[in-house]
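Below is input-v7.txt, holding compact mmCIF, C-alpha atoms (C1' of nucleotides).
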```
# COMPACT_ATOMS: atom_id res chain seq x y z
CA MET A 1 2.17 27.95 60.90
CA MET A 2 5.42 26.08 60.67
CA GLN A 3 7.42 29.25 60.66
CA GLU A 4 10.63 27.36 61.30
CA THR A 5 10.10 25.13 58.30
CA LYS A 6 9.60 28.18 56.17
CA MET A 7 12.80 29.66 57.49
CA SER A 8 14.71 26.48 56.96
CA THR A 9 13.67 26.03 53.37
CA GLY A 10 13.59 29.58 52.14
CA TRP A 11 11.25 28.60 49.33
CA ALA A 12 8.07 30.51 48.75
CA MET A 13 5.35 30.91 46.15
CA ASN A 14 3.24 34.00 45.88
CA ILE A 15 -0.51 33.70 46.10
CA GLY A 16 -1.10 33.17 42.39
CA GLU A 17 1.39 30.35 42.25
CA ALA A 18 0.00 28.81 45.41
CA ALA A 19 -3.46 29.02 43.87
CA GLN A 20 -2.19 27.33 40.76
CA ALA A 21 -0.46 24.61 42.71
CA SER A 22 -3.29 23.93 45.15
CA GLY A 23 -6.37 24.36 43.01
CA VAL A 24 -7.72 27.01 45.40
CA SER A 25 -8.26 30.44 43.87
CA ALA A 26 -6.27 33.38 45.20
CA LYS A 27 -9.56 34.95 46.24
CA MET A 28 -10.45 31.94 48.31
CA ILE A 29 -6.99 31.68 49.85
CA ARG A 30 -7.39 35.22 51.16
CA TYR A 31 -10.89 34.38 52.31
CA TYR A 32 -9.73 31.28 54.17
CA GLU A 33 -7.11 33.39 55.87
CA SER A 34 -9.69 36.03 56.80
CA ILE A 35 -11.90 33.47 58.52
CA SER A 36 -8.88 31.86 60.20
CA LEU A 37 -9.26 28.54 58.45
CA ILE A 38 -5.58 28.98 57.68
CA PRO A 39 -3.14 31.14 59.63
CA PRO A 40 -2.01 34.50 58.22
CA ALA A 41 0.55 34.04 55.51
CA THR A 42 3.99 35.51 55.95
CA ARG A 43 4.58 38.57 53.84
CA SER A 44 7.33 39.98 51.69
CA ASP A 45 8.59 43.50 52.36
CA ALA A 46 6.09 44.76 49.83
CA GLY A 47 3.23 42.96 51.55
CA TYR A 48 2.93 40.05 49.15
CA ARG A 49 1.81 36.79 50.75
CA HIS A 50 4.30 33.94 50.56
CA TYR A 51 3.47 30.27 50.73
CA ILE A 52 5.79 27.34 51.26
CA ALA A 53 5.14 23.79 50.15
CA SER A 54 3.52 22.70 53.41
CA GLU A 55 1.05 25.56 53.20
CA VAL A 56 0.20 24.68 49.65
CA HIS A 57 -0.26 21.15 50.90
CA THR A 58 -2.79 22.41 53.42
CA LEU A 59 -4.60 24.33 50.71
CA ARG A 60 -4.78 21.21 48.60
CA PHE A 61 -6.19 19.35 51.60
CA ILE A 62 -8.88 21.99 51.89
CA ARG A 63 -9.60 21.84 48.20
CA ARG A 64 -10.10 18.08 48.31
CA ALA A 65 -12.31 18.30 51.34
CA ARG A 66 -14.41 20.96 49.60
CA ASP A 67 -14.64 18.71 46.55
CA LEU A 68 -16.08 16.05 48.84
CA GLY A 69 -18.65 18.56 50.02
CA PHE A 70 -17.31 19.18 53.52
CA SER A 71 -18.30 22.52 55.03
CA ILE A 72 -15.64 24.94 56.20
CA GLU A 73 -16.62 24.06 59.74
CA SER A 74 -15.98 20.36 59.14
CA ILE A 75 -12.74 21.16 57.39
CA THR A 76 -11.59 23.08 60.45
CA ARG A 77 -12.07 19.87 62.43
CA LEU A 78 -10.42 17.73 59.77
CA LEU A 79 -7.40 20.01 59.61
CA ALA A 80 -7.01 19.84 63.38
CA LEU A 81 -7.18 16.06 63.24
CA TRP A 82 -4.73 15.98 60.39
CA ARG A 83 -2.23 17.99 62.42
CA ASP A 84 -2.86 15.93 65.54
CA ARG A 85 -0.49 13.02 65.34
CA ALA A 86 -2.18 11.46 68.38
CA ARG A 87 -5.65 11.63 66.82
CA ASN A 88 -8.13 8.80 67.02
CA SER A 89 -9.15 7.67 63.58
CA ALA A 90 -12.60 7.23 65.11
CA GLU A 91 -12.98 10.99 65.24
CA VAL A 92 -12.12 11.41 61.60
CA LYS A 93 -14.47 8.62 60.67
CA GLN A 94 -17.21 10.29 62.68
CA VAL A 95 -16.81 13.58 60.85
CA ALA A 96 -16.87 11.75 57.55
CA LEU A 97 -19.88 9.61 58.35
CA ASP A 98 -21.83 12.57 59.74
CA HIS A 99 -21.18 14.25 56.45
CA VAL A 100 -22.25 11.17 54.53
CA ALA A 101 -25.50 11.14 56.48
CA GLU A 102 -26.14 14.77 55.53
CA LEU A 103 -25.36 14.08 51.90
CA LYS A 104 -27.70 11.12 51.85
CA HIS A 105 -30.43 13.20 53.39
CA LYS A 106 -30.06 15.78 50.66
CA ILE A 107 -29.99 13.10 48.01
CA ILE A 108 -33.26 11.67 49.26
CA GLU A 109 -34.89 15.09 49.22
CA LEU A 110 -33.73 15.74 45.68
CA GLN A 111 -34.81 12.28 44.55
CA GLN A 112 -38.25 12.91 45.99
CA MET A 113 -38.50 16.10 43.97
CA VAL A 114 -37.39 14.30 40.84
CA ARG A 115 -39.90 11.53 41.42
CA THR A 116 -42.77 13.98 41.83
CA LEU A 117 -41.75 16.07 38.86
CA GLU A 118 -41.22 13.11 36.56
CA HIS A 119 -44.56 11.72 37.54
CA LEU A 120 -46.25 15.01 36.73
CA ALA A 121 -44.29 15.52 33.54
CA HIS A 122 -45.15 12.03 32.43
CA HIS A 123 -48.81 12.97 32.49
CA CYS A 124 -48.28 16.25 30.71
CA HIS A 125 -48.89 16.16 26.99
CA GLY A 126 -46.24 18.77 26.40
CA ASP A 127 -47.89 20.14 23.29
CA ASP A 128 -49.64 23.37 22.32
CA ARG A 129 -52.65 22.77 24.55
CA PRO A 130 -52.84 24.61 27.85
CA GLU A 131 -53.95 21.71 30.04
CA CYS A 132 -51.06 20.75 32.26
CA PRO A 133 -50.98 18.54 35.35
CA ILE A 134 -47.77 20.21 36.48
CA ILE A 135 -49.40 23.61 36.72
CA ASP A 136 -52.50 21.98 38.15
CA GLU A 137 -50.51 20.37 40.93
CA LEU A 138 -48.77 23.61 41.84
CA ALA A 139 -52.05 25.50 41.76
CA ALA A 140 -54.05 22.87 43.63
CA SER A 141 -56.36 24.23 46.26
CA VAL A 142 -55.57 22.72 49.60
CA GLU A 143 -58.48 21.39 51.59
CA ALA A 144 -56.37 20.38 54.56
CA SER A 145 -52.60 20.49 54.30
CA PRO A 146 -50.62 20.04 57.48
CA ALA A 147 -47.46 20.20 55.40
CA ALA A 148 -48.25 23.72 54.30
CA THR A 149 -47.78 25.08 57.79
CA ARG A 150 -45.20 22.69 59.11
CA SER A 151 -42.16 24.85 59.45
CA ARG A 152 -43.56 27.96 61.06
CA LYS A 153 -43.75 28.68 64.73
CA GLU A 154 -47.04 28.37 66.45
CA ARG A 155 -48.89 31.56 67.08
CA LYS A 156 -52.24 32.54 68.39
CA LEU A 157 -54.35 32.87 65.30
CA ALA A 158 -57.84 33.40 64.08
CA PRO A 159 -59.56 30.47 62.38
CA LEU A 160 -59.21 30.68 58.64
CA THR A 161 -62.91 31.37 58.27
CA GLU A 162 -62.67 34.54 60.32
CA TRP A 163 -60.99 36.79 57.80
CA ARG A 164 -61.70 40.37 58.48
CA ILE A 165 -63.59 42.55 56.07
CA ALA A 166 -61.29 44.93 54.22
CA SER A 167 -61.91 48.68 54.41
CA MET B 168 -53.06 41.72 40.46
CA MET B 169 -56.72 40.96 40.11
CA GLN B 170 -57.65 44.23 41.69
CA GLU B 171 -61.23 43.90 40.56
CA THR B 172 -61.61 40.54 42.26
CA LYS B 173 -60.36 42.06 45.44
CA MET B 174 -62.89 44.85 45.14
CA SER B 175 -65.69 42.50 44.38
CA THR B 176 -65.09 40.21 47.32
CA GLY B 177 -64.00 42.67 49.96
CA TRP B 178 -62.31 39.90 51.91
CA ALA B 179 -58.75 40.29 53.05
CA MET B 180 -56.24 38.67 55.35
CA ASN B 181 -53.32 40.51 56.80
CA ILE B 182 -49.83 39.25 56.16
CA GLY B 183 -49.68 36.94 59.17
CA GLU B 184 -52.90 35.24 58.23
CA ALA B 185 -51.82 34.96 54.62
CA ALA B 186 -48.57 33.42 55.80
CA GLN B 187 -50.49 30.96 57.91
CA ALA B 188 -52.81 30.08 55.08
CA SER B 189 -50.16 29.78 52.39
CA GLY B 190 -47.24 28.24 54.22
CA VAL B 191 -45.00 31.14 53.20
CA SER B 192 -43.57 33.17 56.06
CA ALA B 193 -44.49 36.85 56.36
CA LYS B 194 -40.83 37.67 55.89
CA MET B 195 -40.74 35.80 52.62
CA ILE B 196 -44.00 37.30 51.40
CA ARG B 197 -42.47 40.75 51.81
CA TYR B 198 -39.31 39.55 50.12
CA TYR B 199 -41.22 38.11 47.16
CA GLU B 200 -42.98 41.44 46.82
CA SER B 201 -39.67 43.32 47.00
CA ILE B 202 -38.21 41.30 44.12
CA SER B 203 -41.46 41.61 42.15
CA LEU B 204 -42.20 37.91 42.16
CA ILE B 205 -45.63 39.02 43.33
CA PRO B 206 -47.18 42.44 42.77
CA PRO B 207 -47.32 44.96 45.63
CA ALA B 208 -50.10 44.11 48.04
CA THR B 209 -52.91 46.56 48.59
CA ARG B 210 -52.67 48.36 51.89
CA SER B 211 -55.03 49.41 54.64
CA ASP B 212 -55.13 53.05 55.71
CA ALA B 213 -52.54 52.21 58.32
CA GLY B 214 -50.26 50.63 55.77
CA TYR B 215 -50.99 46.99 56.57
CA ARG B 216 -50.81 44.64 53.60
CA HIS B 217 -54.03 42.89 52.70
CA TYR B 218 -54.33 39.63 50.82
CA ILE B 219 -57.36 38.11 49.22
CA ALA B 220 -57.90 34.43 48.55
CA SER B 221 -56.46 34.52 45.04
CA GLU B 222 -53.27 36.10 46.32
CA VAL B 223 -52.96 33.48 49.00
CA HIS B 224 -53.48 30.94 46.25
CA THR B 225 -50.53 32.41 44.40
CA LEU B 226 -48.41 32.23 47.52
CA ARG B 227 -49.31 28.60 47.97
CA PHE B 228 -48.33 28.00 44.35
CA ILE B 229 -44.98 29.56 45.08
CA ARG B 230 -44.57 27.51 48.22
CA ARG B 231 -45.21 24.28 46.38
CA ALA B 232 -42.84 25.19 43.61
CA ARG B 233 -40.17 26.00 46.19
CA ASP B 234 -40.82 22.65 47.86
CA LEU B 235 -40.09 21.05 44.51
CA GLY B 236 -36.82 22.93 44.39
CA PHE B 237 -37.66 25.44 41.67
CA SER B 238 -35.62 28.63 41.74
CA ILE B 239 -37.33 31.99 42.01
CA GLU B 240 -36.47 32.56 38.39
CA SER B 241 -38.21 29.38 37.32
CA ILE B 242 -41.17 30.21 39.50
CA THR B 243 -41.48 33.55 37.75
CA ARG B 244 -41.85 31.62 34.51
CA LEU B 245 -44.25 29.11 36.02
CA LEU B 246 -46.45 31.85 37.44
CA ALA B 247 -46.61 33.54 34.06
CA LEU B 248 -47.60 30.25 32.44
CA TRP B 249 -50.15 29.63 35.14
CA ARG B 250 -51.78 32.97 34.42
CA ASP B 251 -51.58 32.47 30.68
CA ARG B 252 -54.72 30.66 29.71
CA ALA B 253 -53.36 30.23 26.19
CA ARG B 254 -50.12 28.64 27.37
CA ASN B 255 -48.59 25.62 25.72
CA SER B 256 -48.21 22.79 28.17
CA ALA B 257 -44.95 22.11 26.33
CA GLU B 258 -43.45 25.20 27.90
CA VAL B 259 -44.40 24.13 31.39
CA LYS B 260 -43.04 20.68 30.76
CA GLN B 261 -39.81 22.18 29.51
CA VAL B 262 -39.32 24.22 32.67
CA ALA B 263 -40.05 21.16 34.77
CA LEU B 264 -37.76 18.85 32.84
CA ASP B 265 -34.94 21.36 32.80
CA HIS B 266 -35.25 21.47 36.54
CA VAL B 267 -35.30 17.69 36.76
CA ALA B 268 -32.08 17.59 34.77
CA GLU B 269 -30.46 20.02 37.22
CA LEU B 270 -31.66 18.00 40.17
CA LYS B 271 -30.31 14.81 38.69
CA HIS B 272 -26.98 16.45 38.07
CA LYS B 273 -26.77 17.47 41.71
CA ILE B 274 -27.82 14.02 42.83
CA ILE B 275 -25.05 12.43 40.84
CA GLU B 276 -22.48 14.78 42.32
CA LEU B 277 -23.65 14.05 45.84
CA GLN B 278 -23.73 10.32 45.18
CA GLN B 279 -20.17 10.46 43.95
CA MET B 280 -19.13 12.15 47.18
CA VAL B 281 -20.98 9.54 49.21
CA ARG B 282 -19.38 6.74 47.26
CA THR B 283 -15.89 8.10 47.81
CA LEU B 284 -16.45 8.82 51.47
CA GLU B 285 -18.02 5.46 52.19
CA HIS B 286 -15.18 3.73 50.44
CA LEU B 287 -12.65 5.61 52.56
CA ALA B 288 -14.62 5.18 55.77
CA HIS B 289 -14.93 1.49 55.10
CA HIS B 290 -11.15 1.20 55.20
CA CYS B 291 -10.83 3.32 58.34
CA HIS B 292 -10.54 1.36 61.55
CA GLY B 293 -12.34 4.06 63.45
CA ASP B 294 -10.63 3.32 66.72
CA ASP B 295 -8.06 5.07 68.93
CA ARG B 296 -5.22 4.66 66.47
CA PRO B 297 -4.22 7.64 64.36
CA GLU B 298 -3.86 5.87 61.02
CA CYS B 299 -6.71 6.93 58.82
CA PRO B 300 -7.22 6.51 55.09
CA ILE B 301 -9.68 9.40 55.07
CA ILE B 302 -7.09 11.87 56.28
CA ASP B 303 -4.51 10.23 54.05
CA GLU B 304 -6.67 10.74 50.99
CA LEU B 305 -7.28 14.40 51.78
CA ALA B 306 -3.60 14.94 52.49
CA ALA B 307 -2.35 13.00 49.49
CA SER B 308 0.45 14.63 47.57
CA VAL B 309 -0.52 15.07 43.98
CA GLU B 310 1.91 13.89 41.34
CA ALA B 311 -0.23 15.03 38.45
CA SER B 312 -3.76 16.19 39.02
CA PRO B 313 -5.52 17.89 36.12
CA ALA B 314 -8.62 18.07 38.30
CA ALA B 315 -6.85 20.30 40.77
CA THR B 316 -6.65 23.16 38.33
CA ARG B 317 -9.75 22.54 36.27
CA SER B 318 -11.91 25.51 37.20
CA ARG B 319 -9.51 28.35 37.07
CA LYS B 320 -8.83 30.60 34.15
CA GLU B 321 -5.67 30.17 32.25
CA ARG B 322 -2.88 32.53 33.03
CA LYS B 323 0.67 32.96 32.03
CA LEU B 324 2.60 31.19 34.73
CA ALA B 325 6.02 30.06 35.74
CA PRO B 326 6.67 26.32 35.79
CA LEU B 327 6.09 24.89 39.25
CA THR B 328 9.79 24.20 39.60
CA GLU B 329 10.65 27.87 39.27
CA TRP B 330 9.50 29.11 42.65
CA ARG B 331 11.28 32.20 43.64
CA ILE B 332 13.55 32.36 46.61
CA ALA B 333 11.97 34.27 49.46
CA SER B 334 13.73 37.32 50.89
C1' DC C 335 11.96 53.70 32.16
C1' DT C 336 7.84 51.68 30.56
C1' DT C 337 4.60 48.16 30.35
C1' DG C 338 1.69 44.86 31.91
C1' DA C 339 1.01 41.02 34.85
C1' DC C 340 0.56 40.44 39.40
C1' DC C 341 -0.27 41.80 44.10
C1' DT C 342 -2.86 44.51 47.86
C1' DT C 343 -7.36 46.05 50.26
C1' DC C 344 -12.11 47.09 50.11
C1' DC C 345 -16.73 46.83 48.47
C1' DT C 346 -20.52 44.42 45.96
C1' DA C 347 -23.28 40.59 44.48
C1' DT C 348 -25.13 36.08 44.52
C1' DC C 349 -29.72 33.09 46.70
C1' DG C 350 -33.27 32.41 49.90
C1' DT C 351 -33.96 32.70 54.39
C1' DG C 352 -33.99 34.19 59.32
C1' DG C 353 -33.23 37.50 63.23
C1' DG C 354 -33.90 41.68 65.36
C1' DA C 355 -34.55 46.77 66.41
C1' DA C 356 -37.48 50.81 66.46
C1' DG C 357 -41.76 52.44 65.99
C1' DC C 358 -46.77 52.27 64.70
C1' DT C 359 -51.64 49.90 64.79
C1' DC C 360 -55.18 47.17 66.32
C1' DC C 361 -58.06 44.86 69.51
C1' DA C 362 -59.60 42.86 73.75
C1' DC C 363 -60.20 43.48 78.35
C1' DA C 364 -60.41 46.06 82.71
C1' DT D 365 -61.37 55.28 78.12
C1' DG D 366 -56.83 53.50 78.99
C1' DT D 367 -53.54 49.96 78.58
C1' DG D 368 -50.99 45.92 77.23
C1' DG D 369 -49.56 42.92 74.03
C1' DA D 370 -49.76 40.85 69.59
C1' DG D 371 -49.09 42.10 65.11
C1' DC D 372 -47.73 45.18 61.55
C1' DT D 373 -44.22 48.46 59.21
C1' DT D 374 -39.31 49.46 57.45
C1' DC D 375 -34.49 48.90 57.71
C1' DC D 376 -30.29 46.58 58.58
C1' DC D 377 -27.48 42.40 59.32
C1' DA D 378 -26.27 37.52 58.91
C1' DC D 379 -25.48 33.13 56.76
C1' DG D 380 -21.88 30.03 53.13
C1' DA D 381 -18.81 30.05 49.70
C1' DT D 382 -17.68 32.23 45.86
C1' DA D 383 -16.84 35.70 42.10
C1' DG D 384 -16.23 40.37 40.19
C1' DG D 385 -14.29 44.74 40.15
C1' DA D 386 -12.03 49.27 41.40
C1' DA D 387 -8.04 51.77 42.95
C1' DG D 388 -3.51 51.62 43.75
C1' DG D 389 1.22 49.46 44.75
C1' DT D 390 5.06 45.98 43.05
C1' DC D 391 7.84 43.33 40.20
C1' DA D 392 10.34 41.88 36.25
C1' DA D 393 11.21 41.75 31.38
C1' DG D 394 12.16 44.40 27.45
```

Please rewrite the model in this file as structure tokens.
Amino acid sequence: MMQETKMSTGWAMNIGEAAQASGVSAKMIRYYESISLIPPATRSDAGYRHYIASEVHTLRFIRRARDLGFSIESITRLLALWRDRARNSAEVKQVALDHVAELKHKIIELQQMVRTLEHLAHHCHGDDRPECPIIDELAASVEASPAATRSRKERKLAPLTEWRIAS
Amino acid sequence: MMQETKMSTGWAMNIGEAAQASGVSAKMIRYYESISLIPPATRSDAGYRHYIASEVHTLRFIRRARDLGFSIESITRLLALWRDRARNSAEVKQVALDHVAELKHKIIELQQMVRTLEHLAHHCHGDDRPECPIIDELAASVEASPAATRSRKERKLAPLTEWRIAS
DNA sequence: CTTGACCTTCCTATCGTGGGAAGCTCCACA
DNA sequence: TGTGGAGCTTCCCACGATAGGAAGGTCAAG
């Protein structure tokens, strides 16, 4: 992108320098190019990639967005909005708030795990005796657990009491 | 494992039934076997895997541990402790609390992202105008940002002002 | 001209999960 | 007894984002 700018400035960094300047590793810069998150870099006669300041700027944008947890897919949208001078800030805000909602969802899941584990650990002596409510909880026999089957597709199935006799 | 139990009961479920009963998909049961998290299942003459109640119990254990966010590696340890009747509960507690620490670390990271994003979103009009502090923050030019280079290995490098002239 | 730091492409691995193809088995029903 | 379909087998591929490494070319300083 911005070929003309590149031509007009004449400045260029190679991939290692661009990595250094942007905080994105050379490996990831090549990867981003391969998945078309960024356009193909111009090349020197020897095939070395060259980056001008505006491209490094884009890489830094990506790096910051990654640091905020945005997926590559979201970053694609954010980059398009960044380049779109006629954008609606509402769209940007939407992307950001959708992401916030996802993050909060994850946080709640993790907090639930922590709560359960801390509760169990609190009741565990943590000494040389084998008794352990943590193990007990994991090993608990389930009388009726809807949660245990929640995520699988429905299928025609035999009642649990109808196990077949082996061999 | 527990071959003799299997022999003594004679009961067996096939993989679909075991999946149903344990909450672990058939695909994952095969995967867990392939990575030796669980021992190879016994097979029928036709090659079908058979699972007895104690094996399903193990699968349910794994499922619960996964639900609490434990890695396969940690589950390997937990399973060993479960089977070890002479275990020290201290070891179990250690595995659990190490995991809690990891979870909390992740939570803090995510919360930091949320905080930043909500702060930015709060200052974004979110209307049809292009001005947007979210985009501005991502696009910000960095005067001096130690964070931007924090995770990369040190390398001999030219000062940023010494970019080479292209072509 | 040599050396070594850097670049190139290509392949591999991570982690846990799902999807699907090709082919075999089992069982119920006609 | 034949057939259809659900279920099983193995094998391969994909994800998302990243890192590591091998083999070979390039560049610049000494």

**OP:** Scan for residues within 10 Å of the point (-30.2, 29.6, 49.6) in the coordinates of the file, using all atoms listed in the file, and reply as number ranges by chain.
**Re:** B: 238; C: 348-351; D: 379-380

Subject >> Distance query Pro297 in chain B at most 6 Å, only C-alpha atoms (C1' of nucleotides), self and fewer than 4 positions along chain excluded, as an MDAnalysis selection string >> reply: chainID A and resid 86:89

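Separating CA of Leu37 in chain A from CA of Ala18 in chain A is a distance of 16.0 Å.
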
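For the pair CA of Val24 in chain A and CA of Glu269 in chain B, the separation is 25.2 Å.
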
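One distance worth recording is that between CA of Thr243 in chain B and CA of Asn181 in chain B, which is 23.5 Å.
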
**OP:** Determine the nearest neighbour of chain A from the options B:Glu276, B:His289, B:Lys194, B:Lys260, counting all atoms listed in the file.
**Re:**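 Checking each candidate against chain A, we get B:Lys260 as the closest.
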
**OP:** Up to 12 Å from chain A, what residues of chain D turn up? Count only C-alpha atoms (C1' of nucleotides) and give them as a list in words.
**Re:**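 The answer, sorted by residue number, is DA370, DG371, DG380, DA381, DT382, DA383, DG384, DG389, DT390 and DC391 of chain D.
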
**OP:** May I ask you to extract the residues of chain B within 7 Å of chain A, using all atoms listed in the file, and to give them as a PyMOL selection string?
**Re:** chain B and resi 177-180+187+189-190+211+228+231-232+235+249+252-257+260+263+267+270+274+277+280-281+284+288+291-299+302+305-306+315-316+330-334

Which chain C residues have any atom within 12 Å of an atom of chain B, and for each, what is the nearest pair of atoms with distance in Å to one decimal, counting all atoms listed in the file, rows sorted by chain and number, as CSV?
```
residue,atom,partner,partner_atom,distance
C:DG338,C1',B:Lys323,CA,11.9
C:DA339,C1',B:Lys323,CA,8.5
C:DC340,C1',B:Lys323,CA,10.5
C:DC349,C1',B:Ser238,CA,8.9
C:DG350,C1',B:Met195,CA,8.6
C:DT351,C1',B:Met195,CA,7.7
C:DG352,C1',B:Lys194,CA,8.4
C:DG353,C1',B:Lys194,CA,10.6
C:DC358,C1',B:Ala213,CA,8.6
C:DT359,C1',B:Ala213,CA,6.9
C:DC360,C1',B:Ala213,CA,9.8
```

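For the set C:DC341, C:DC335, C:DT346, C:DG354, the residue with the smallest atom-to-atom gap to DC377 in chain D is C:DG354, counting all atoms listed in the file.
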
Subject >> Counting only C-alpha atoms (C1' of nucleotides), the residue of D:DA393, D:DT365, D:DC375, D:DA387 that sits nearest DA355 in chain C >> reply: D:DC375

Original post:
Which polymer residues have any atom within 12 Å of an atom of DT367 in chain D, counting only C-alpha atoms (C1' of nucleotides), with same-chain residues fewer than 4 positions away left out, as JSON, numbers by chain?
Top reply: {"C": [361, 362, 363, 364]}

Using all atoms of range 380-392 of chain D that appear in the file, construct an axis-aligned enclosing box with 4 Å of padding on every side and provide its centre coordinates and edge lengths in Å, rounded to one decimal, as AutoDock Vina command-line options.
```
--center_x -5.8 --center_y 40.9 --center_z 44.7 --size_x 40.2 --size_y 29.7 --size_z 24.9
```
